[in-house]
>>> print(open('coords_7.csv').read())   # CSV, C-alpha atoms
chain,number,residue,atom,x,y,z
A,1,MET,CA,38.3,103.5,109.0
A,2,THR,CA,41.0,103.6,106.3
A,3,ALA,CA,41.7,101.3,103.4
A,4,GLU,CA,43.9,98.4,104.0
A,5,ARG,CA,47.3,98.3,102.4
A,6,PRO,CA,47.5,95.9,99.4
A,7,GLU,CA,50.7,94.4,100.9
A,8,ALA,CA,53.2,95.6,103.5
A,9,VAL,CA,55.5,96.5,100.7
A,10,ASP,CA,53.3,99.4,99.5
A,11,PRO,CA,52.6,102.7,101.2
A,12,PRO,CA,49.2,103.2,102.8
A,13,TYR,CA,46.6,105.2,100.9
A,14,ASP,CA,45.9,107.5,103.8
A,15,TYR,CA,49.2,109.2,104.7
A,16,PRO,CA,48.4,112.7,105.9
A,17,ALA,CA,52.1,113.9,105.8
A,18,TYR,CA,51.5,113.8,102.0
A,19,ARG,CA,48.6,116.3,102.0
A,20,SER,CA,47.1,115.2,98.7
A,21,THR,CA,46.2,111.9,100.2
A,22,VAL,CA,43.7,113.4,102.6
A,23,LEU,CA,40.8,113.8,100.2
A,24,ARG,CA,41.8,111.2,97.7
A,25,ALA,CA,42.5,108.0,99.8
A,26,PRO,CA,39.6,105.6,99.9
A,27,SER,CA,37.9,105.7,103.3
A,28,ARG,CA,36.4,102.2,103.0
A,29,PRO,CA,38.3,98.9,103.2
A,30,LEU,CA,39.4,97.5,99.9
A,31,VAL,CA,37.2,94.6,98.8
A,32,PRO,CA,39.2,91.4,98.8
A,33,ILE,CA,38.6,89.6,95.5
A,34,SER,CA,41.9,88.0,94.8
A,35,GLY,CA,40.4,84.6,94.8
A,36,ALA,CA,38.1,85.6,92.0
A,37,ILE,CA,40.6,87.3,89.8
A,38,ASP,CA,41.4,85.2,86.7
A,39,ASP,CA,42.9,88.0,84.7
A,40,LEU,CA,46.4,86.5,84.1
A,41,THR,CA,47.1,88.7,81.1
A,42,GLY,CA,47.9,92.3,80.4
A,43,PRO,CA,48.1,94.6,77.4
A,44,MET,CA,50.9,94.0,74.9
A,45,PHE,CA,52.4,97.0,73.2
A,46,GLY,CA,54.5,97.4,70.1
A,47,ASP,CA,55.1,100.2,67.6
A,48,ASP,CA,51.7,101.6,68.4
A,49,ARG,CA,53.4,103.0,71.5
A,50,VAL,CA,57.2,102.7,71.2
A,51,GLN,CA,59.4,103.8,68.3
A,52,GLY,CA,63.1,103.7,67.8
A,53,GLY,CA,64.9,106.5,69.8
A,54,ASP,CA,62.2,106.8,72.4
A,55,ASP,CA,64.7,105.4,74.9
A,56,ASP,CA,67.0,108.5,74.5
A,57,LEU,CA,65.6,111.5,76.4
A,58,THR,CA,68.6,113.6,75.3
A,59,ALA,CA,67.8,113.3,71.6
A,60,GLY,CA,65.0,114.6,69.4
A,61,HIS,CA,65.7,118.3,70.0
A,62,ALA,CA,67.8,120.9,68.2
A,63,GLY,CA,70.6,120.6,70.7
A,64,GLU,CA,71.8,118.7,73.8
A,65,PRO,CA,70.0,119.2,77.1
A,66,GLN,CA,71.7,120.9,80.1
A,67,GLY,CA,72.8,118.6,83.0
A,68,GLN,CA,74.7,115.5,83.9
A,69,ARG,CA,74.2,112.9,81.1
A,70,ILE,CA,73.3,109.4,82.6
A,71,ILE,CA,72.4,105.9,81.6
A,72,VAL,CA,69.6,104.3,83.7
A,73,HIS,CA,69.3,100.6,83.2
A,74,GLY,CA,68.0,97.5,84.9
A,75,GLN,CA,66.0,94.3,84.7
A,76,LEU,CA,62.2,93.8,85.0
A,77,LEU,CA,61.4,90.7,87.0
A,78,ASP,CA,58.2,89.2,88.3
A,79,GLY,CA,57.6,88.0,91.8
A,80,ASP,CA,59.1,84.6,91.0
A,81,GLY,CA,62.3,86.2,89.8
A,82,ARG,CA,61.6,85.5,86.1
A,83,PRO,CA,62.5,88.3,83.6
A,84,VAL,CA,59.6,90.0,81.9
A,85,PRO,CA,60.4,90.5,78.2
A,86,GLY,CA,58.5,92.7,75.8
A,87,ALA,CA,57.0,94.9,78.6
A,88,LEU,CA,56.3,98.6,78.2
A,89,VAL,CA,58.3,100.9,80.4
A,90,GLU,CA,57.4,104.6,80.4
A,91,VAL,CA,59.4,107.3,82.2
A,92,TRP,CA,59.1,111.0,82.8
A,93,GLN,CA,61.1,113.5,84.8
A,94,ALA,CA,62.1,117.0,85.5
A,95,ASN,CA,65.0,118.7,83.8
A,96,ALA,CA,68.4,119.3,85.4
A,97,GLY,CA,67.0,122.4,87.2
A,98,GLY,CA,64.1,120.5,88.7
A,99,ARG,CA,61.5,121.9,86.2
A,100,TYR,CA,58.9,119.8,84.4
A,101,LEU,CA,57.6,120.7,81.0
A,102,HIS,CA,54.1,121.0,82.2
A,103,ASP,CA,51.7,124.0,82.4
A,104,ASN,CA,51.1,123.4,86.1
A,105,ASP,CA,54.7,123.4,87.2
A,106,ARG,CA,55.4,126.9,88.7
A,107,HIS,CA,58.9,126.3,89.9
A,108,PRO,CA,60.8,129.4,88.9
A,109,SER,CA,63.6,127.5,87.2
A,110,PRO,CA,64.1,127.7,83.5
A,111,LEU,CA,62.7,125.2,81.0
A,112,ASP,CA,65.3,123.6,78.8
A,113,PRO,CA,64.4,123.9,75.1
A,114,ASN,CA,66.4,120.7,74.5
A,115,PHE,CA,64.6,118.5,77.1
A,116,THR,CA,61.1,117.2,77.2
A,117,GLY,CA,61.6,114.6,79.8
A,118,ALA,CA,59.6,111.6,78.5
A,119,GLY,CA,60.9,108.2,77.3
A,120,ARG,CA,59.6,104.8,76.5
A,121,CYS,CA,61.0,101.4,75.7
A,122,LEU,CA,60.0,97.7,75.6
A,123,THR,CA,62.1,95.3,77.7
A,124,ASP,CA,64.4,93.0,75.7
A,125,GLY,CA,64.4,89.2,75.7
A,126,GLU,CA,66.0,89.2,79.2
A,127,GLY,CA,63.6,91.8,80.6
A,128,ARG,CA,66.2,94.5,80.4
A,129,TYR,CA,65.5,98.2,79.8
A,130,ARG,CA,68.0,101.1,79.2
A,131,PHE,CA,67.4,104.8,79.0
A,132,THR,CA,69.8,107.7,78.2
A,133,THR,CA,68.8,110.9,80.0
A,134,ILE,CA,70.1,113.6,82.3
A,135,LYS,CA,70.0,113.6,86.0
A,136,PRO,CA,66.8,115.4,87.1
A,137,GLY,CA,67.1,118.2,89.6
A,138,SER,CA,65.3,118.5,93.0
A,139,TYR,CA,62.4,120.9,93.2
A,140,PRO,CA,60.1,122.6,95.8
A,141,TRP,CA,56.5,121.3,95.9
A,142,GLY,CA,54.6,123.2,98.6
A,143,ASN,CA,53.4,120.2,100.5
A,144,HIS,CA,54.8,121.7,103.7
A,145,ASP,CA,57.2,124.5,104.7
A,146,ASN,CA,60.4,124.3,102.6
A,147,ALA,CA,59.4,121.0,101.0
A,148,TRP,CA,61.7,119.7,98.3
A,149,ARG,CA,61.4,116.4,96.4
A,150,PRO,CA,64.5,114.2,96.2
A,151,ALA,CA,65.7,113.8,92.6
A,152,HIS,CA,63.6,111.1,90.9
A,153,ILE,CA,62.5,109.6,87.6
A,154,HIS,CA,58.9,108.4,87.4
A,155,PHE,CA,58.4,104.8,86.0
A,156,SER,CA,55.3,103.2,84.7
A,157,VAL,CA,55.6,99.5,84.0
A,158,PHE,CA,53.3,96.8,82.6
A,159,GLY,CA,54.0,93.2,83.6
A,160,ARG,CA,52.4,90.1,82.1
A,161,ALA,CA,49.1,90.6,83.9
A,162,PHE,CA,47.2,93.8,84.5
A,163,THR,CA,47.3,93.0,88.2
A,164,GLN,CA,51.1,93.5,88.0
A,165,ARG,CA,50.7,97.1,86.9
A,166,LEU,CA,53.2,99.3,88.7
A,167,VAL,CA,53.8,103.1,88.8
A,168,THR,CA,56.6,104.2,91.0
A,169,GLN,CA,59.6,106.5,91.3
A,170,MET,CA,63.3,105.8,91.1
A,171,TYR,CA,65.7,107.8,93.3
A,172,PHE,CA,69.4,108.4,93.3
A,173,PRO,CA,71.9,107.2,95.9
A,174,ASP,CA,72.7,109.4,98.9
A,175,ASP,CA,70.1,112.1,98.3
A,176,PRO,CA,70.1,114.4,101.3
A,177,LEU,CA,66.4,115.0,100.9
A,178,PHE,CA,65.3,111.4,101.6
A,179,ASP,CA,64.7,112.1,105.3
A,180,HIS,CA,62.5,115.1,104.5
A,181,ASP,CA,60.2,113.6,101.8
A,182,PRO,CA,56.8,112.2,102.8
A,183,ILE,CA,56.3,110.4,99.5
A,184,PHE,CA,59.5,108.4,99.9
A,185,ASN,CA,58.9,107.9,103.6
A,186,SER,CA,55.3,106.7,103.0
A,187,ILE,CA,56.8,103.3,102.5
A,188,PRO,CA,56.7,102.0,106.1
A,189,ASP,CA,59.7,99.7,105.9
A,190,GLU,CA,63.1,101.3,105.6
A,191,ARG,CA,64.6,98.3,103.8
A,192,VAL,CA,61.7,98.3,101.3
A,193,ARG,CA,62.1,102.0,100.8
A,194,GLN,CA,65.7,101.4,99.7
A,195,ARG,CA,64.5,99.3,96.8
A,196,LEU,CA,63.5,102.6,95.1
A,197,VAL,CA,67.1,103.9,95.2
A,198,SER,CA,69.2,103.1,92.2
A,199,ARG,CA,72.8,102.0,92.5
A,200,PHE,CA,75.8,103.9,90.9
A,201,ASP,CA,77.0,101.5,88.3
A,202,LEU,CA,80.5,102.1,87.1
A,203,ASP,CA,80.2,99.3,84.6
A,204,ALA,CA,77.3,101.0,82.9
A,205,THR,CA,79.1,104.3,82.8
A,206,VAL,CA,80.2,105.3,79.3
A,207,PRO,CA,83.7,106.7,79.5
A,208,GLU,CA,84.0,110.4,78.6
A,209,TRP,CA,80.3,110.6,78.1
A,210,ALA,CA,77.7,109.4,80.7
A,211,LEU,CA,77.4,108.1,84.3
A,212,GLY,CA,75.6,104.8,84.9
A,213,PHE,CA,72.9,103.9,87.4
A,214,SER,CA,71.3,100.5,87.8
A,215,TRP,CA,67.8,99.8,89.1
A,216,ASP,CA,65.9,96.5,88.9
A,217,ILE,CA,62.1,96.5,89.1
A,218,VAL,CA,60.3,93.5,90.8
A,219,LEU,CA,56.6,93.1,90.1
A,220,ARG,CA,54.1,91.3,92.2
A,221,GLY,CA,53.9,87.5,91.7
A,222,GLY,CA,53.5,86.4,88.1
A,223,ARG,CA,51.7,83.1,88.5
A,224,ALA,CA,48.1,82.2,89.2
A,225,THR,CA,47.8,84.0,92.6
A,226,PRO,CA,49.7,87.1,93.7
A,227,VAL,CA,52.4,86.1,96.1
A,228,GLU,CA,52.5,87.6,99.6
A,229,GLU,CA,56.0,88.2,100.7
A,230,PRO,CA,57.2,86.5,103.8
A,231,PRO,CA,58.5,88.9,106.4
A,232,THR,CA,62.2,89.4,106.1
B,1,MET,CA,70.4,90.6,92.4
B,2,SER,CA,67.1,92.0,93.4
B,3,GLY,CA,65.6,91.9,96.9
B,4,GLY,CA,61.8,91.7,96.8
B,5,ARG,CA,59.0,93.5,95.2
B,6,THR,CA,59.3,97.2,94.2
B,7,PRO,CA,56.9,99.4,96.1
B,8,SER,CA,54.5,101.8,94.5
B,9,GLN,CA,54.8,105.6,94.5
B,10,THR,CA,52.3,108.2,93.3
B,11,VAL,CA,52.0,109.1,89.6
B,12,GLY,CA,52.3,112.7,90.7
B,13,PRO,CA,50.8,115.8,89.0
B,14,PHE,CA,53.0,115.7,85.8
B,15,PHE,CA,52.4,112.2,84.5
B,16,SER,CA,50.9,113.5,81.2
B,17,ILE,CA,54.5,114.2,80.1
B,18,GLY,CA,55.2,110.5,80.0
B,19,MET,CA,51.7,108.9,79.9
B,20,SER,CA,49.5,111.0,77.7
B,21,TRP,CA,48.8,109.3,74.5
B,22,ASP,CA,46.4,110.6,71.8
B,23,ALA,CA,45.2,107.1,70.9
B,24,GLY,CA,44.9,106.1,74.6
B,25,PRO,CA,41.1,106.5,74.9
B,26,PHE,CA,40.5,104.4,71.8
B,27,VAL,CA,40.3,100.7,72.8
B,28,VAL,CA,38.8,100.3,69.3
B,29,PRO,CA,39.0,102.7,66.4
B,30,GLU,CA,36.1,104.9,65.5
B,31,GLY,CA,33.7,103.2,63.1
B,32,THR,CA,34.0,99.8,64.8
B,33,ASP,CA,30.8,97.7,64.8
B,34,GLY,CA,29.0,97.9,68.2
B,35,ALA,CA,31.4,100.5,69.6
B,36,PHE,CA,30.3,103.1,72.2
B,37,TRP,CA,31.7,105.6,74.6
B,38,ILE,CA,32.1,105.1,78.3
B,39,ARG,CA,32.4,108.5,79.9
B,40,GLY,CA,32.7,109.6,83.5
B,41,ALA,CA,34.3,111.9,86.0
B,42,MET,CA,36.7,111.3,88.9
B,43,SER,CA,36.0,113.2,92.2
B,44,ASP,CA,37.6,113.4,95.6
B,45,GLY,CA,36.2,113.2,99.1
B,46,ALA,CA,34.9,116.8,99.0
B,47,GLY,CA,33.0,116.0,95.8
B,48,ARG,CA,35.4,118.1,93.8
B,49,PRO,CA,36.7,117.0,90.4
B,50,VAL,CA,40.1,115.3,90.2
B,51,PRO,CA,41.7,117.1,87.2
B,52,ASP,CA,45.0,115.3,87.4
B,53,GLY,CA,44.0,111.7,87.4
B,54,VAL,CA,44.5,108.9,84.8
B,55,VAL,CA,42.3,105.9,84.2
B,56,GLU,CA,43.2,102.7,82.4
B,57,ILE,CA,41.0,99.9,81.3
B,58,TRP,CA,41.9,96.3,80.2
B,59,GLN,CA,39.2,94.0,78.8
B,60,ARG,CA,38.3,91.0,76.8
B,61,GLY,CA,37.1,91.3,73.2
B,62,PRO,CA,33.6,90.5,72.1
B,63,ASP,CA,34.8,86.9,71.7
B,64,GLY,CA,35.5,86.6,75.4
B,65,ARG,CA,39.3,86.5,74.9
B,66,PHE,CA,41.9,88.9,76.1
B,67,PRO,CA,44.2,90.0,73.3
B,68,ALA,CA,47.5,88.1,73.3
B,69,ILE,CA,49.6,89.8,70.6
B,70,PRO,CA,50.2,93.5,69.7
B,71,GLY,CA,48.1,94.8,66.8
B,72,GLY,CA,44.4,94.3,66.1
B,73,PHE,CA,42.1,94.6,69.1
B,74,ARG,CA,44.1,96.2,71.8
B,75,GLY,CA,41.9,95.6,74.8
B,76,PHE,CA,43.6,98.5,76.6
B,77,GLY,CA,42.7,102.1,77.0
B,78,ARG,CA,44.1,105.1,78.9
B,79,SER,CA,42.4,108.4,79.5
B,80,SER,CA,43.7,111.4,81.5
B,81,THR,CA,41.1,113.4,83.3
B,82,ASP,CA,40.3,116.9,82.2
B,83,GLU,CA,39.6,120.0,84.4
B,84,ARG,CA,36.2,118.7,85.3
B,85,GLY,CA,37.6,115.3,86.2
B,86,GLY,CA,36.2,113.8,83.0
B,87,PHE,CA,37.6,110.7,81.2
B,88,GLU,CA,36.3,108.7,78.3
B,89,PHE,CA,36.9,105.5,76.4
B,90,HIS,CA,35.7,104.3,73.0
B,91,THR,CA,35.3,100.6,73.2
B,92,VAL,CA,33.0,97.5,72.7
B,93,LYS,CA,31.3,95.3,75.2
B,94,PRO,CA,33.6,92.4,76.2
B,95,GLY,CA,32.4,88.8,76.0
B,96,ALA,CA,31.5,87.3,79.4
B,97,VAL,CA,33.2,84.2,80.8
B,98,ASP,CA,31.8,82.7,84.0
B,99,GLY,CA,29.7,85.7,84.9
B,100,ALA,CA,29.1,89.2,83.7
B,101,PRO,CA,31.0,91.3,81.1
B,102,TYR,CA,33.3,93.8,82.8
B,103,LEU,CA,36.3,96.0,82.2
B,104,ASP,CA,39.2,96.0,84.6
B,105,VAL,CA,40.1,99.5,85.8
B,106,ALA,CA,43.2,101.0,87.3
B,107,VAL,CA,43.0,104.5,88.7
B,108,PHE,CA,46.0,106.8,89.3
B,109,ALA,CA,46.3,110.3,90.6
B,110,ARG,CA,48.4,112.7,92.6
B,111,GLY,CA,47.6,111.8,96.2
B,112,LEU,CA,47.2,108.1,95.4
B,113,LEU,CA,50.4,106.5,96.7
B,114,ASN,CA,49.2,103.2,95.2
B,115,HIS,CA,46.9,103.0,92.2
B,116,LEU,CA,43.4,101.6,92.7
B,117,PHE,CA,41.8,98.6,91.0
B,118,THR,CA,38.1,98.4,90.3
B,119,ARG,CA,35.8,97.1,87.6
B,120,ILE,CA,33.2,98.5,85.3
B,121,TYR,CA,30.1,96.3,84.9
B,122,PHE,CA,27.0,97.2,82.8
B,123,ALA,CA,23.7,98.0,84.5
B,124,ASP,CA,21.8,96.6,81.5
B,125,GLU,CA,23.2,93.1,82.0
B,126,GLN,CA,21.1,92.3,85.0
B,127,ALA,CA,20.9,88.6,84.5
B,128,ALA,CA,24.6,88.2,83.9
B,129,ASN,CA,25.4,90.5,86.8
B,130,ALA,CA,23.3,88.3,89.1
B,131,SER,CA,25.6,85.4,88.2
B,132,ASP,CA,28.9,87.1,88.6
B,133,PRO,CA,31.2,85.8,91.3
B,134,VAL,CA,33.0,89.0,92.0
B,135,LEU,CA,29.8,91.0,92.4
B,136,ALA,CA,28.4,88.2,94.6
B,137,ALA,CA,31.5,88.6,96.8
B,138,ILE,CA,30.6,92.2,97.5
B,139,GLY,CA,28.1,92.2,100.3
B,140,ASP,CA,27.1,95.9,100.3
B,141,GLU,CA,24.4,96.8,97.7
B,142,ALA,CA,25.7,100.4,97.4
B,143,ALA,CA,29.2,99.2,96.8
B,144,ARG,CA,27.9,96.8,94.0
B,145,ARG,CA,25.9,99.7,92.5
B,146,SER,CA,29.1,101.8,92.4
B,147,LEU,CA,30.5,99.4,89.8
B,148,MET,CA,27.6,99.7,87.4
B,149,ALA,CA,27.9,101.8,84.2
B,150,GLU,CA,24.5,103.3,83.3
B,151,PRO,CA,23.3,103.4,79.7
B,152,THR,CA,23.4,106.8,78.0
B,153,ARG,CA,22.6,108.2,74.6
B,154,ASP,CA,26.0,107.1,73.1
B,155,GLY,CA,27.1,104.5,75.5
B,156,TYR,CA,27.5,104.4,79.3
B,157,ARG,CA,28.3,106.6,82.2
B,158,PHE,CA,30.7,105.5,85.0
B,159,ASP,CA,31.9,107.9,87.7
B,160,ILE,CA,34.8,107.2,90.0
B,161,ARG,CA,34.4,108.6,93.5
B,162,LEU,CA,37.7,108.2,95.4
B,163,GLN,CA,36.4,108.9,98.8
B,164,GLY,CA,33.2,109.6,100.9
B,165,GLU,CA,29.5,108.9,100.3
B,166,HIS,CA,28.9,106.8,97.2
B,167,GLU,CA,32.6,105.9,97.2
B,168,THR,CA,33.5,103.5,94.4
B,169,ALA,CA,34.2,99.9,95.6
B,170,PHE,CA,38.0,99.3,95.1
B,171,PHE,CA,39.6,95.9,95.1
B,172,ALA,CA,42.4,94.4,97.1
B,173,ILE,CA,44.2,92.3,94.5
>>> encode(input="coords_7.csv", output="structure tokens")
Amino acid sequence: MTAERPEAVDPPYDYPAYRSTVLRAPSRPLVPISGAIDDLTGPMFGDDRVQGGDDDLTAGHAGEPQGQRIIVHGQLLDGDGRPVPGALVEVWQANAGGRYLHDNDRHPSPLDPNFTGAGRCLTDGEGRYRFTTIKPGSYPWGNHDNAWRPAHIHFSVFGRAFTQRLVTQMYFPDDPLFDHDPIFNSIPDERVRQRLVSRFDLDATVPEWALGFSWDIVLRGGRATPVEEPPT
Amino acid sequence: MSGGRTPSQTVGPFFSIGMSWDAGPFVVPEGTDGAFWIRGAMSDGAGRPVPDGVVEIWQRGPDGRFPAIPGGFRGFGRSSTDERGGFEFHTVKPGAVDGAPYLDVAVFARGLLNHLFTRIYFADEQAANASDPVLAAIGDEAARRSLMAEPTRDGYRFDIRLQGEHETAFFAI
């Protein structure tokens, strides 16, 4: 028996095409306790975690990183469509050549001395976030023969309540690797999957400087009980 | 315009670039009255350590309240696992409201397409645990026991077993 999915929106825990799930997915059903959960709050962060400039991944080094400079921005909303202000958003990503600044990354593509690949910000009064970075490269990952990840930026987001916690990945439009990636395709519903794909945003593009991409993030319901989505 | 809830994806193997945080394991600073360590290890279905996981906790203060503003008691901790799957938090016991004291726990790792929710209860709070509505809703005794942190020399021990015999009870939220 495998663990139930929390909601149809999310991937299953047990998804053998993504090999790392095989020994890590819980084998027992999740215990339903939503009726007993009264934790309607979550951690609040300030300058203990975010400082000025943390939202610019191209800064803080001796020079400029290699790659296509981009703006990634969007709005953080709860399940009722309300903006979530003051929320911590953390991002991390590979460099333009698809290499992470991490000891365990063995992809034979060079590190960029001018790129670490980590950023943070708090959403503003309207729940908006904005990062300046470079477009990450695709990279091979050994899950199966000739496996490559579509380009993506990892996002970690806190909502108002700890039960709204979300860690996910943002992708870029028209990536030819989508059809071949089990992590992306672990989301069973094609339309739901598309929610992870950012939109090219000419309005966010800074002329002569950076391309813009827009991506909104919607958390599970923000009120007393998590909201199950009606089928669409 | 947004169309529906954003799905989860795995934290992957390289989250420490963006999520590691030196102060993360310290829910309270060293020297805080009544503070102790909760230490444990994360393991997989083969009983092997999970060296690339991250554990977060969220908790009430000793007064039974969740923190509501940044600064002061943070109520939040984050610990990456080490090569032996080990994680640790320096914290204080939360005040109990309508049941037993507990810590909310979120578990992330490569291979977890969604994070997992569970709770840490305290094995030395037997009377309070017996009155706790969430524990009461868990029928299986072994599953209840998997949520109990056991007293140690400098605090408590709480292991997270993602899969298999003695698997930790995880919650559908």
>>> interface_residues(input="coords_7.csv", of="chain B", to="chain A", cutoff="8 Å", atoms="all atoms listed in the file", output="ChimeraX atom specification")
/B:2-11,14-15,17-19,44-46,58,66-71,74-76,110-115,133-134,137-138,162-164,167,169-173
>>> closest_residue(input="coords_7.csv", among="A:Leu88, A:Asp189, A:Glu208, A:Ile70", to="A:Val157", atoms="all atoms listed in the file")
A:Leu88
>>> atom_distance(input="coords_7.csv", atom1="atom CA of B:Ser20", atom2="atom CA of B:Val54")
8.9 Å
>>> atom_distance(input="coords_7.csv", atom1="atom CA of B:Gly77", atom2="atom CA of A:Asp54")
20.6 Å
>>> residues_around(input="coords_7.csv", residues="A:Cys121", least_positions_apart="6", cutoff="8 Å", atoms="all atoms listed in the file", output="list in words")
Val50, Gln51, Asp54, Asp55, Leu88, Val89, Glu90, Tyr129, Arg130 and Phe131 of chain A
>>> atom_distance(input="coords_7.csv", atom1="atom CA of A:Asn114", atom2="atom CA of A:Ala62")
6.5 Å
>>> closest_residue(input="coords_7.csv", among="B:Ser16, B:Thr91, B:Thr32, B:Gln126", to="B:Phe108", atoms="all atoms listed in the file")
B:Ser16
